[in-house]
Structure formats: structure tokens, C-alpha cells
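So the structure is just underneath, and the comments pick up after that.
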Amino acid sequence: MRLPVKRSPEFIAGLSLMVLVAGMALVSLVYTPYGYNDMDPARRFTPPGVSHLMGTDNFGRDIFSRVMIGGRYTLLVSLCTVLGSAAIGSALGLVTGYVGGIWAEIVMRLIDALNSFPGLLLALVMVSIMENSPFTLIIALFILFIPSYVRIMRSGMLQYKDRDFIKAVELMGASHFRIIFVHILPNTAPSLLASTVLGLSNAILAEATMSYLGLGIQPPIPSWGRMLSESRNFLFAAPWCALAPGVMIMLTVIAFHYIGEGIRKRYS
């Protein structure tokens, strides 16, 4: 059966871009034109051409190969961050919305306190005081994204928990777990799915920002944000060094945004 959400122009455009970006990342698992860290001083700052589709950087490294590898790590960090925060935040939001009372208020006040700090500043502090690794970056961004999912799912729970069909299953003796995760969660799933996909675009930007500042994925592993940072000193002499990762970040963010908007409009 065809999914009706695919009729959305935003969804189709976003999915097409996402297939392109994800395809490059997947192909990099088995093939890249050159080694991502292979240096060739004789080919420094080679413009884009047949032998190097996106040119070479200041060390003579093939930018296209580095973009492919960088996409793999950027997408991995973003997916782990958003899926983890969506799972934990959704569970917290559903339970606090269903139970209510003093414990729910305590949880929500803690979420408010966490949300009161500037998100990227909080992530920067965490990464700077912990070991600089992809795992640390995932944990920092994971904590950063939890509050938004708690609020979304708590709002959905408050919207549905007093509906007649929920009262009916309560009278039939359904457990609290079944009511929350079998009868209410499916009704809030469309908004959760749209928010998760849109959250991926924010995670891409957050990861790129952290890497740009030197607190994300560390060399010799390439990342789009670090590639942008490294190309600052020769932006006018070799603009393709910055354009390649910058365009990839832009296309990925647009792809997730369009997919999320398509899902949201379909179920709004």
C-alpha cells in the first residue's frame, strides 16, 4: 500500500536529497576514490575536475573522499543522538503526562532548568570537560535534545488521556503500561515522527558546529564541520574546500527539514 505522505512535494524532495546523502555515506563503507587521509603535496589545491570531483585541499587530499567519510560519521552521530533522546524523552513525557502529581512536576521543573541553559553552550561545556570523542559528543547532544521530546509527548498525553476510548479501556481493566504504550502512543506517533525527523536537521547543525569549534569528531577522521574550519585560511584561494562540506551540510539539513514538514502537513 502506498503511503499517502509520499504525495507531499516536500516529502518527495527531502527523500530524494536524503537518498543522495545517505547513498554517499553507505558507499563509503566499501569504496572511496582515494584514501581519506592520503596526502599528495604535488596536487595541493587542485580545482574540481575529472580526477578529483571536488578538488583537493591544502595537503593534497581528495575532498570528495573526505566528504563521503565525513557524511558517515555526521549521520551516525545525529541518528544516535536523536533516536536516543526521542526514546528517553518520549517515555518521560508520556509517563509524566499520564501520572501527574508532584513527581511529574519535579521532572518538568528539572526539564525547565535544563532547557533554560543555551543548548550549544551546555554541549560545549560537557565536551570540553570530558574526553573528546564521538561518544562524548553523542552524550552531550543527547542531553541537549531530551527536553523538546518530553514536552511534545507530555502535551500529546494530556490531549488524549481523558478521551472516551481511554476511559473505556480503563474500565476494561487495561494496565497503565498498555494504556500508555498501546493506546495513547500510536495516536501521538505522527507528531513524534515529524519532530524526530526535524530534530535530525538540528542535530546535523549542532554536530557541524561542535566540529567546527574543534570539540567534535577529531582528526584524522574527517567531519564536515572540521573541514569547514580547516578551509578558513584559504577561503578565497581555494573556495571549493569550503563549498563541498558546506553544501553537504545544507543539503542534509534541507532534506530532513522537508521530510519532517511533509510528515507534519500530512497528519496536521
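Please note that chains go A, B, ... in the order of the C-alpha cells, that every chain numbers its residues from 1, and that ligands are numbered from 1 in the order shown.
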What are the closest atom pairs, with distances in Å to one decimal, for all residues of region 57-167 of chain A lying within 10 Å of region 17-37 of chain A? Consider only C-alpha atoms, order rows by chain and residue number, and present the result as JSON lines.
```
{"residue": "A:Phe59", "atom": "CA", "partner": "A:Asn37", "partner_atom": "CA", "distance": 9.1}
{"residue": "A:Gly60", "atom": "CA", "partner": "A:Asn37", "partner_atom": "CA", "distance": 9.3}
{"residue": "A:Arg61", "atom": "CA", "partner": "A:Asn37", "partner_atom": "CA", "distance": 6.3}
{"residue": "A:Asp62", "atom": "CA", "partner": "A:Tyr34", "partner_atom": "CA", "distance": 6.5}
{"residue": "A:Ile63", "atom": "CA", "partner": "A:Tyr36", "partner_atom": "CA", "distance": 7.9}
{"residue": "A:Phe64", "atom": "CA", "partner": "A:Pro33", "partner_atom": "CA", "distance": 7.9}
{"residue": "A:Ser65", "atom": "CA", "partner": "A:Tyr36", "partner_atom": "CA", "distance": 5.4}
{"residue": "A:Arg66", "atom": "CA", "partner": "A:Tyr36", "partner_atom": "CA", "distance": 4.9}
{"residue": "A:Val67", "atom": "CA", "partner": "A:Tyr36", "partner_atom": "CA", "distance": 8.6}
{"residue": "A:Met68", "atom": "CA", "partner": "A:Ala25", "partner_atom": "CA", "distance": 5.4}
{"residue": "A:Ile69", "atom": "CA", "partner": "A:Ser28", "partner_atom": "CA", "distance": 5.9}
{"residue": "A:Gly70", "atom": "CA", "partner": "A:Ala25", "partner_atom": "CA", "distance": 7.9}
{"residue": "A:Gly71", "atom": "CA", "partner": "A:Ala25", "partner_atom": "CA", "distance": 5.4}
{"residue": "A:Arg72", "atom": "CA", "partner": "A:Ala25", "partner_atom": "CA", "distance": 4.6}
{"residue": "A:Tyr73", "atom": "CA", "partner": "A:Ala25", "partner_atom": "CA", "distance": 8.4}
{"residue": "A:Thr74", "atom": "CA", "partner": "A:Ala25", "partner_atom": "CA", "distance": 9.4}
{"residue": "A:Leu75", "atom": "CA", "partner": "A:Ala22", "partner_atom": "CA", "distance": 8.1}
{"residue": "A:Leu76", "atom": "CA", "partner": "A:Ala25", "partner_atom": "CA", "distance": 9.7}
```
As an exercise, work out the distance from CA of Leu205 (chain A) to CA of Ala87 (chain A) in Å and give it to one decimal place.
20.7 Å
For Arg154 (chain A), the nearest of the candidates A:Val95, A:Leu171, A:Leu124, A:Val197, counting only C-alpha atoms:
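Distance minimum relative to Arg154 (chain A) lands on A:Val95.
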I need the residue nearest Gly156 (chain A) from this list: A:Ala174, A:Ala206, A:Ala91, A:Val125. Use only C-alpha atoms for the distance.
A:Ala91
To test your reading of the structure, identify every residue in region 182-251 of chain A that backbone DSSP assigns to helix (DSSP H, G or I), and report it as a PDB file with C-alpha atoms, in the first residue's frame.
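The resulting file, part.pdb, is reproduced below:
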```pdb
ATOM      1  CA  VAL A 182      -0.529   0.638  23.182  1.00  0.00           C
ATOM      2  CA  HIS A 183      -3.478   3.033  23.121  1.00  0.00           C
ATOM      3  CA  ILE A 184      -2.007   6.540  23.504  1.00  0.00           C
ATOM      4  CA  LEU A 185       1.471   6.297  21.960  1.00  0.00           C
ATOM      5  CA  PRO A 186       0.190   5.322  18.470  1.00  0.00           C
ATOM      6  CA  ASN A 187      -2.022   8.438  18.450  1.00  0.00           C
ATOM      7  CA  THR A 188       0.943  10.677  19.246  1.00  0.00           C
ATOM      8  CA  ALA A 189       3.305   8.835  16.864  1.00  0.00           C
ATOM      9  CA  PRO A 190       2.808  11.195  13.855  1.00  0.00           C
ATOM     10  CA  SER A 191       3.883  14.265  15.821  1.00  0.00           C
ATOM     11  CA  LEU A 192       6.760  12.299  17.352  1.00  0.00           C
ATOM     12  CA  LEU A 193       7.913  11.106  13.923  1.00  0.00           C
ATOM     13  CA  ALA A 194       7.785  14.604  12.429  1.00  0.00           C
ATOM     14  CA  SER A 195       9.645  16.060  15.418  1.00  0.00           C
ATOM     15  CA  THR A 196      12.274  13.324  15.247  1.00  0.00           C
ATOM     16  CA  VAL A 197      12.985  13.919  11.562  1.00  0.00           C
ATOM     17  CA  LEU A 198      13.131  17.690  12.093  1.00  0.00           C
ATOM     18  CA  GLY A 199      15.372  17.046  15.089  1.00  0.00           C
ATOM     19  CA  LEU A 200      17.843  15.308  12.795  1.00  0.00           C
ATOM     20  CA  SER A 201      18.375  18.545  10.887  1.00  0.00           C
ATOM     21  CA  ASN A 202      19.108  20.346  14.175  1.00  0.00           C
ATOM     22  CA  ALA A 203      21.469  17.546  15.204  1.00  0.00           C
ATOM     23  CA  ILE A 204      23.376  17.862  11.913  1.00  0.00           C
ATOM     24  CA  LEU A 205      23.864  21.578  12.529  1.00  0.00           C
ATOM     25  CA  ALA A 206      24.840  21.013  16.173  1.00  0.00           C
ATOM     26  CA  GLU A 207      27.412  18.346  15.267  1.00  0.00           C
ATOM     27  CA  ALA A 208      28.850  20.526  12.495  1.00  0.00           C
ATOM     28  CA  THR A 209      29.091  23.483  14.889  1.00  0.00           C
ATOM     29  CA  MET A 210      30.884  21.432  17.543  1.00  0.00           C
ATOM     30  CA  SER A 211      33.300  20.012  14.975  1.00  0.00           C
ATOM     31  CA  TYR A 212      33.891  23.479  13.522  1.00  0.00           C
ATOM     32  CA  TRP A 224      32.021  18.329   7.593  1.00  0.00           C
ATOM     33  CA  GLY A 225      32.291  20.920  10.349  1.00  0.00           C
ATOM     34  CA  ARG A 226      36.035  20.444  10.804  1.00  0.00           C
ATOM     35  CA  MET A 227      36.567  20.575   7.031  1.00  0.00           C
ATOM     36  CA  LEU A 228      34.867  23.967   7.040  1.00  0.00           C
ATOM     37  CA  SER A 229      37.070  25.140   9.898  1.00  0.00           C
ATOM     38  CA  GLU A 230      40.258  23.947   8.196  1.00  0.00           C
ATOM     39  CA  ARG A 232      39.038  29.243   6.550  1.00  0.00           C
ATOM     40  CA  ASN A 233      42.599  30.345   5.816  1.00  0.00           C
ATOM     41  CA  PHE A 234      42.337  29.728   2.078  1.00  0.00           C
ATOM     42  CA  TRP A 240      35.926  24.515  -3.204  1.00  0.00           C
ATOM     43  CA  CYS A 241      37.492  23.317   0.061  1.00  0.00           C
ATOM     44  CA  ALA A 242      34.733  25.083   2.000  1.00  0.00           C
ATOM     45  CA  LEU A 243      31.955  24.767  -0.569  1.00  0.00           C
ATOM     46  CA  ALA A 244      31.997  20.945  -0.619  1.00  0.00           C
ATOM     47  CA  PRO A 245      31.302  20.314   3.108  1.00  0.00           C
ATOM     48  CA  GLY A 246      29.132  23.432   3.347  1.00  0.00           C
ATOM     49  CA  VAL A 247      26.864  22.283   0.529  1.00  0.00           C
ATOM     50  CA  MET A 248      26.630  18.791   2.047  1.00  0.00           C
ATOM     51  CA  ILE A 249      25.560  20.229   5.412  1.00  0.00           C
ATOM     52  CA  MET A 250      22.996  22.423   3.658  1.00  0.00           C
ATOM     53  CA  LEU A 251      21.574  19.574   1.555  1.00  0.00           C
TER      54      LEU A 251
END
```
Pick the closest to Pro48 (chain A) from A:Thr252, A:Pro239, A:Ile152, A:Asp162: which is it, counting only C-alpha atoms?
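Looking only at the distances to Pro48 (chain A), the closest residue turns out to be A:Pro239.
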List as a PyMOL selection string the protein and nucleic acid residues near region 130-144 of chain A, meaning an atom at most 9 Å away when only C-alpha atoms are counted, but skip any in the same chain fewer than 4 places from it.
chain A and resi 73+77-78+80-86+114-115+119-120+122-126+148+203+206-207+210+215-218
Write to file, as a CSV table (one decimal), in the first residue's frame, the residues of the selection just made, with C-alpha atoms.
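The resulting result-v3.csv:
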```csv
chain,number,residue,atom,x,y,z
A,73,TYR,CA,30.2,10.0,10.9
A,77,VAL,CA,26.3,10.9,15.5
A,78,SER,CA,23.0,12.6,14.5
A,80,CYS,CA,22.3,8.1,17.7
A,81,THR,CA,21.6,11.5,19.3
A,82,VAL,CA,18.1,12.0,18.1
A,83,LEU,CA,16.9,8.4,18.4
A,84,GLY,CA,18.2,8.1,21.9
A,85,SER,CA,16.8,11.4,23.1
A,86,ALA,CA,13.5,10.7,21.3
A,114,LEU,CA,17.9,22.0,31.7
A,115,ASN,CA,16.1,23.9,28.9
A,119,GLY,CA,21.8,24.4,24.3
A,120,LEU,CA,25.1,24.6,22.4
A,122,LEU,CA,25.8,23.3,27.6
A,123,ALA,CA,27.1,20.9,25.0
A,124,LEU,CA,30.3,22.8,24.7
A,125,VAL,CA,30.9,22.7,28.4
A,126,MET,CA,30.2,19.0,28.6
A,148,SER,CA,11.9,19.0,23.4
A,203,ALA,CA,21.5,17.5,15.2
A,206,ALA,CA,24.8,21.0,16.2
A,207,GLU,CA,27.4,18.3,15.3
A,210,MET,CA,30.9,21.4,17.5
A,215,LEU,CA,35.2,19.9,20.0
A,216,GLY,CA,33.5,17.3,17.8
A,217,ILE,CA,35.0,14.4,15.8
A,218,GLN,CA,38.7,14.6,16.0
```
Closest of A:Met39, A:Val150, A:Leu235, A:Ile179 to Asp112 (chain A) - atom-to-atom distances counting only C-alpha atoms:
A:Val150
Rounded to one decimal place, report the CA of Thr56 (chain A)-CA of Ser223 (chain A) distance in Å.
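Separation of CA of Thr56 (chain A) and CA of Ser223 (chain A): 15.3 Å.
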Distance of CA of Tyr98 (chain A) from CA of Gly173 (chain A), expressed in Å to one decimal place:
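That distance, rounded to one decimal, is 16.2 Å.
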